[in-house]
Amino acid sequence: MAHRLRVDWPACQARGLCHEVLPEVVDLDDWGYPIVTREIDAALLSDARAAVRACPRNALRIVD
Amino acid sequence: MTAASPVPVPDEIRVLPGPALLAGIDEGPSLAAHRARHGTAPAVTAARLLALTADARLRGRGGAAFPFSTKLAAASRGRRPVVVVNLSEGEPASSKDSALALTRPHLVLDGAVAAAGALGARDVHVVLPGDRPHAAERMAHAIAERDDRVRFRQHRADARFVSGQARAVVELLAGRSNLPVVAWAPEAVAGLHGRPTLLSNAETWAHVGLLVLDGEAAYTARGRVDEPGTTLLTVTAPGQVPHVHEVEYGARLRDVLPSSATGGPLLVGGFHGSWATWSTVASARVSVPGMAALGMPLGAGVVLAPGPGTCPLALTSQVVDHLAGQSSGRCGPCLNGLPALAATVRAALTGSGGERGAVAEIERLSRLVERRGACAHPDGTARLVRSLLRALPGEVAAHGAGGCDARTAEAA
């Protein structure tokens, strides 16, 4: 089953590590904030979990 | 820098008598007058309230038009819920909840108390507007008149556009800043302190109150079979204080508009709403799905007529400047994107950058901010700007060519 990456917007401070770890899913906007471009399939799930752990603001969650 | 609202929060409004919620307002807002007209509300079970509100197809009147019975069903599962009456109208051009506070506060409270009884909630939180002192005072006075078994807890919202947003209200109730946060679950599932939180605005609660007091037969006799009941509209037009009307669903929208509002484009749904041409408004009937299909969702029932001589693009620019300053400033895409969008609209107004450049940049920035915030403030702001491009395409073109011709835009 596909999951989605959700951003806790007030927590996010555009550090950009999510894009470094998971460029397949996370693009960055004009100001460095994440743009979630696609769902997370089984092949990307472990990288997505790594992106969640990598966020220094704890601003990412994987939701169903 | 925060730009003032081009449409100020009114010091004075006119509330017109209506068929249901606003019937008998000349009898005054006292509890005695309310009881004399409606009697005492009977206790209802959760199942009965669910059936009542589902049969009446009651939708929330805060703008999203979410089915009330779905919310009620969600709040009736799990821990002891809390009930919240939201009177914080962040939208300056909306005064319907204030109108109810001033004229029918006990109808609003009867709805909330009935739901609290049905759900076993002990607390009814009442969130008073921070920028409308008369309405807040009147509601506080009404609460003091009550003799219910629930505990009323009063709060005062900040005077900020986003302060009435549901999650911002839950934050206020929890003792934190009155600003939106990300909702990981609906409030009705997990709101205040994780409890199911049945939060609705004053108008929604007034409809619940009316259903409980008068029954569904009387309620559904008004409006249309597929969209029963009535709804409140706030009409702002040149030369008069804002008017709050109650109309049946299916009524002609143009019938509540004064002559100063006819002929030109109107802003429907408020600052987060949509521009519509006069011909669209003139043909419309008041309806949630009907007006959404016409590209001008009813939202919280705001109709704003700039009047002849006011350029819709200039007004849009002022509104977007204001909305950019009303961001809580905590979500990056809104904090950065709305000022960028405001600057682009200003450029379109002065004709710099050319018509095509301005339109393309407005579209790009709108897409960039949508669905990327804790609340729908960026989405609503983007909707407003895009609606101008869609409904009045001639306006940006005229400014790009160095002029301003609202009449050309109207014809287009």
# chains A, B, ... in the order shown; residues from 1 in each chain; ligands from 1
>>> residues_around(residues="stretch 29-37 of chain A", least_positions_apart="4", cutoff="9 Å", atoms="only C-alpha atoms", output="ChimeraX atom specification")
/A:4-7,12-16,18-19,24-25 /B:332-333,336-337,368,372
>>> write_last_selection(atoms="N, CA and C atoms", output="tab-separated table (two decimals), in the first residue's frame")
chain	number	residue	atom	x	y	z
A	4	ARG	N	2.21	8.32	2.11
A	4	ARG	CA	2.53	9.70	1.72
A	4	ARG	C	3.43	10.33	2.76
A	5	LEU	N	4.23	11.24	2.31
A	5	LEU	CA	5.07	12.02	3.22
A	5	LEU	C	4.32	13.30	3.53
A	6	ARG	N	4.14	13.59	4.82
A	6	ARG	CA	3.48	14.85	5.18
A	6	ARG	C	4.44	15.74	5.97
A	7	VAL	N	4.31	17.03	5.73
A	7	VAL	CA	5.21	18.00	6.36
A	7	VAL	C	4.47	18.72	7.49
A	12	CYS	N	8.81	22.98	10.04
A	12	CYS	CA	9.81	22.96	8.98
A	12	CYS	C	10.53	24.30	8.87
A	13	GLN	N	11.88	24.23	8.79
A	13	GLN	CA	12.67	25.45	8.65
A	13	GLN	C	13.58	25.41	7.43
A	14	ALA	N	13.16	24.62	6.43
A	14	ALA	CA	13.87	24.60	5.14
A	14	ALA	C	15.34	24.21	5.27
A	15	ARG	N	15.61	23.20	6.09
A	15	ARG	CA	17.00	22.75	6.19
A	15	ARG	C	17.40	21.90	4.97
A	16	GLY	N	16.39	21.25	4.35
A	16	GLY	CA	16.63	20.59	3.06
A	16	GLY	C	17.20	19.19	3.12
A	18	CYS	N	15.70	16.48	3.77
A	18	CYS	CA	14.75	15.54	3.16
A	18	CYS	C	15.02	15.40	1.67
A	19	HIS	N	15.35	16.51	1.03
A	19	HIS	CA	15.64	16.47	-0.40
A	19	HIS	C	16.95	15.73	-0.66
A	24	GLU	N	13.85	11.54	-4.89
A	24	GLU	CA	12.79	10.97	-5.73
A	24	GLU	C	11.41	11.50	-5.34
A	25	VAL	N	11.26	11.89	-4.09
A	25	VAL	CA	9.94	12.29	-3.57
A	25	VAL	C	9.89	13.77	-3.19
B	332	GLY	N	6.58	28.07	5.99
B	332	GLY	CA	7.46	28.68	5.00
B	332	GLY	C	6.80	29.05	3.69
B	333	PRO	N	6.04	28.14	3.05
B	333	PRO	CA	5.44	28.49	1.76
B	333	PRO	C	4.49	29.68	1.85
B	336	ASN	N	6.64	33.04	2.75
B	336	ASN	CA	7.39	33.55	1.60
B	336	ASN	C	6.54	33.71	0.35
B	337	GLY	N	5.61	32.77	0.17
B	337	GLY	CA	4.83	32.73	-1.07
B	337	GLY	C	3.79	33.83	-1.17
B	368	LEU	N	2.29	26.92	-6.18
B	368	LEU	CA	3.38	26.67	-5.22
B	368	LEU	C	2.92	26.77	-3.77
B	372	ARG	N	0.07	23.65	1.04
B	372	ARG	CA	1.37	23.58	1.69
B	372	ARG	C	1.42	24.50	2.90
>>> interface_residues(of="chain B", to="chain A", cutoff="12 Å", atoms="only C-alpha atoms", output="number ranges by chain")
B: 179-185, 327-337, 340, 364-365, 367-375
>>> select_by_dssp(residues="stretch 142-230 of chain B", states="helix (DSSP H, G or I)", output="VMD selection string")
chain B and resid 142 to 145 161 to 164 166 to 173 192 to 194 202 to 220
>>> residues_around(residues="B:Val241", least_positions_apart="2", cutoff="9 Å", atoms="only C-alpha atoms", output="number ranges by chain")
B: 10-14, 235-239, 243
>>> closest_residue(among="B:Leu49, B:Leu257, B:Leu198, B:Val9", to="B:Pro129", atoms="only C-alpha atoms")
B:Val9
>>> closest_residue(among="A:Ala48, A:Val21, A:Leu28, A:Met1", to="A:Leu60", atoms="only C-alpha atoms")
A:Ala48
>>> residues_around(residues="B:Phe152", least_positions_apart="4", cutoff="12 Å", atoms="only C-alpha atoms", output="list in words")
Val82, Val83, Val84, Val85, Leu109, Ala112, Val113, Ala116, Ala121, Arg122, Asp123, Val124, His125, Val126, Val127, Met139, Ala140, Ala142, Ile143, Ala144, Glu145, Arg146, Asp147 and Asp148 of chain B
>>> write_last_selection(atoms="C-alpha atoms", output="short mmCIF file (atom, residue, chain, number, x, y, z; two decimals), in the first residue's frame")
data_model
loop_
_atom_site.label_atom_id
_atom_site.label_comp_id
_atom_site.auth_asym_id
_atom_site.auth_seq_id
_atom_site.Cartn_x
_atom_site.Cartn_y
_atom_site.Cartn_z
CA VAL B 82 -15.93 18.75 24.13
CA VAL B 83 -18.20 21.17 22.30
CA VAL B 84 -16.93 24.45 20.87
CA VAL B 85 -18.92 27.43 19.59
CA LEU B 109 -26.35 28.23 22.74
CA ALA B 112 -24.44 23.66 21.48
CA VAL B 113 -26.07 22.64 24.77
CA ALA B 116 -23.26 18.56 24.69
CA ALA B 121 -19.87 16.60 27.09
CA ARG B 122 -19.44 18.66 30.28
CA ASP B 123 -17.81 21.72 28.77
CA VAL B 124 -19.11 24.09 26.11
CA HIS B 125 -16.31 26.40 25.02
CA VAL B 126 -17.42 29.69 23.50
CA VAL B 127 -14.80 31.53 21.46
CA MET B 139 -22.78 36.71 23.84
CA ALA B 140 -21.13 36.92 27.25
CA ALA B 142 -26.40 35.66 27.10
CA ILE B 143 -24.17 33.04 28.70
CA ALA B 144 -24.72 34.70 32.07
CA GLU B 145 -28.48 34.28 31.60
CA ARG B 146 -28.27 30.50 31.08
CA ASP B 147 -29.21 27.83 33.59
CA ASP B 148 -27.90 24.71 31.83
#
>>> atom_distance(atom1="atom CA of B:Val212", atom2="atom CA of B:Pro133")
29.3 Å
>>> closest_residue(among="B:Leu87, B:Ala93, B:Val225, B:Val345", to="B:Leu304", atoms="only C-alpha atoms")
B:Ala93
>>> atom_distance(atom1="atom CA of B:Ala202", atom2="atom CA of B:Leu100")
7.1 Å
>>> residues_around(residues="stretch 24-34 of chain B", least_positions_apart="3", cutoff="9 Å", atoms="only C-alpha atoms", output="ChimeraX atom specification")
/B:15-21,37-40,101-107,138,142,145-146
>>> write_last_selection(atoms="C-alpha atoms", output="PDB file, in the first residue's frame")
ATOM      1  CA  VAL B  15     -29.483  42.480  10.690  1.00  0.00           C
ATOM      2  CA  LEU B  16     -32.698  41.934   8.731  1.00  0.00           C
ATOM      3  CA  PRO B  17     -35.541  39.729   9.977  1.00  0.00           C
ATOM      4  CA  GLY B  18     -35.563  36.325   8.285  1.00  0.00           C
ATOM      5  CA  PRO B  19     -37.707  33.214   7.944  1.00  0.00           C
ATOM      6  CA  ALA B  20     -36.088  30.981  10.596  1.00  0.00           C
ATOM      7  CA  LEU B  21     -32.887  31.871  12.457  1.00  0.00           C
ATOM      8  CA  ARG B  37     -40.946  32.026  21.057  1.00  0.00           C
ATOM      9  CA  HIS B  38     -39.422  28.524  21.063  1.00  0.00           C
ATOM     10  CA  GLY B  39     -40.010  27.009  24.511  1.00  0.00           C
ATOM     11  CA  THR B  40     -37.320  25.005  26.268  1.00  0.00           C
ATOM     12  CA  ALA B 101     -24.571  36.923  18.802  1.00  0.00           C
ATOM     13  CA  LEU B 102     -26.363  40.273  18.704  1.00  0.00           C
ATOM     14  CA  THR B 103     -29.862  39.019  17.897  1.00  0.00           C
ATOM     15  CA  ARG B 104     -30.245  35.265  18.593  1.00  0.00           C
ATOM     16  CA  PRO B 105     -27.510  34.230  21.044  1.00  0.00           C
ATOM     17  CA  HIS B 106     -29.753  31.691  22.781  1.00  0.00           C
ATOM     18  CA  LEU B 107     -30.545  29.845  19.562  1.00  0.00           C
ATOM     19  CA  ARG B 138     -23.816  40.367  23.899  1.00  0.00           C
ATOM     20  CA  ALA B 142     -26.401  35.664  27.096  1.00  0.00           C
ATOM     21  CA  GLU B 145     -28.484  34.277  31.602  1.00  0.00           C
ATOM     22  CA  ARG B 146     -28.268  30.498  31.082  1.00  0.00           C
TER      23      ARG B 146
END
>>> residues_around(residues="stretch 349-358 of chain B", least_positions_apart="4", cutoff="8 Å", atoms="only C-alpha atoms", output="PyMOL selection string")
chain B and resi 313-314+317+344-345+362+396-397+399-402
>>> residues_around(residues="A:Leu44", least_positions_apart="4", cutoff="10 Å", atoms="only C-alpha atoms", output="MDAnalysis selection string")
chainID A and resid 2:3 22 24:25 39:40 48:50
>>> write_last_selection(atoms="C-alpha atoms", output="compact mmCIF listing (two decimals), in the first residue's frame")
# COMPACT_ATOMS: atom_id res chain seq x y z
CA ALA A 2 1.30 3.46 -0.92
CA HIS A 3 2.15 5.94 1.81
CA LEU A 22 14.90 11.41 -0.77
CA GLU A 24 12.79 10.97 -5.73
CA VAL A 25 9.94 12.29 -3.57
CA GLU A 39 3.62 8.88 -3.12
CA ILE A 40 5.96 6.51 -1.37
CA ALA A 48 11.53 7.73 3.30
CA ARG A 49 12.00 6.52 6.86
CA ALA A 50 15.61 7.70 6.68
>>> select_by_dssp(residues="stretch 2-62 of chain A", states="strand (DSSP E)", output="MDAnalysis selection string")
chainID A and resid 4:7 26:28 34:36 60:62
>>> atom_distance(atom1="atom CA of B:Leu119", atom2="atom CA of B:Gly301")
29.0 Å
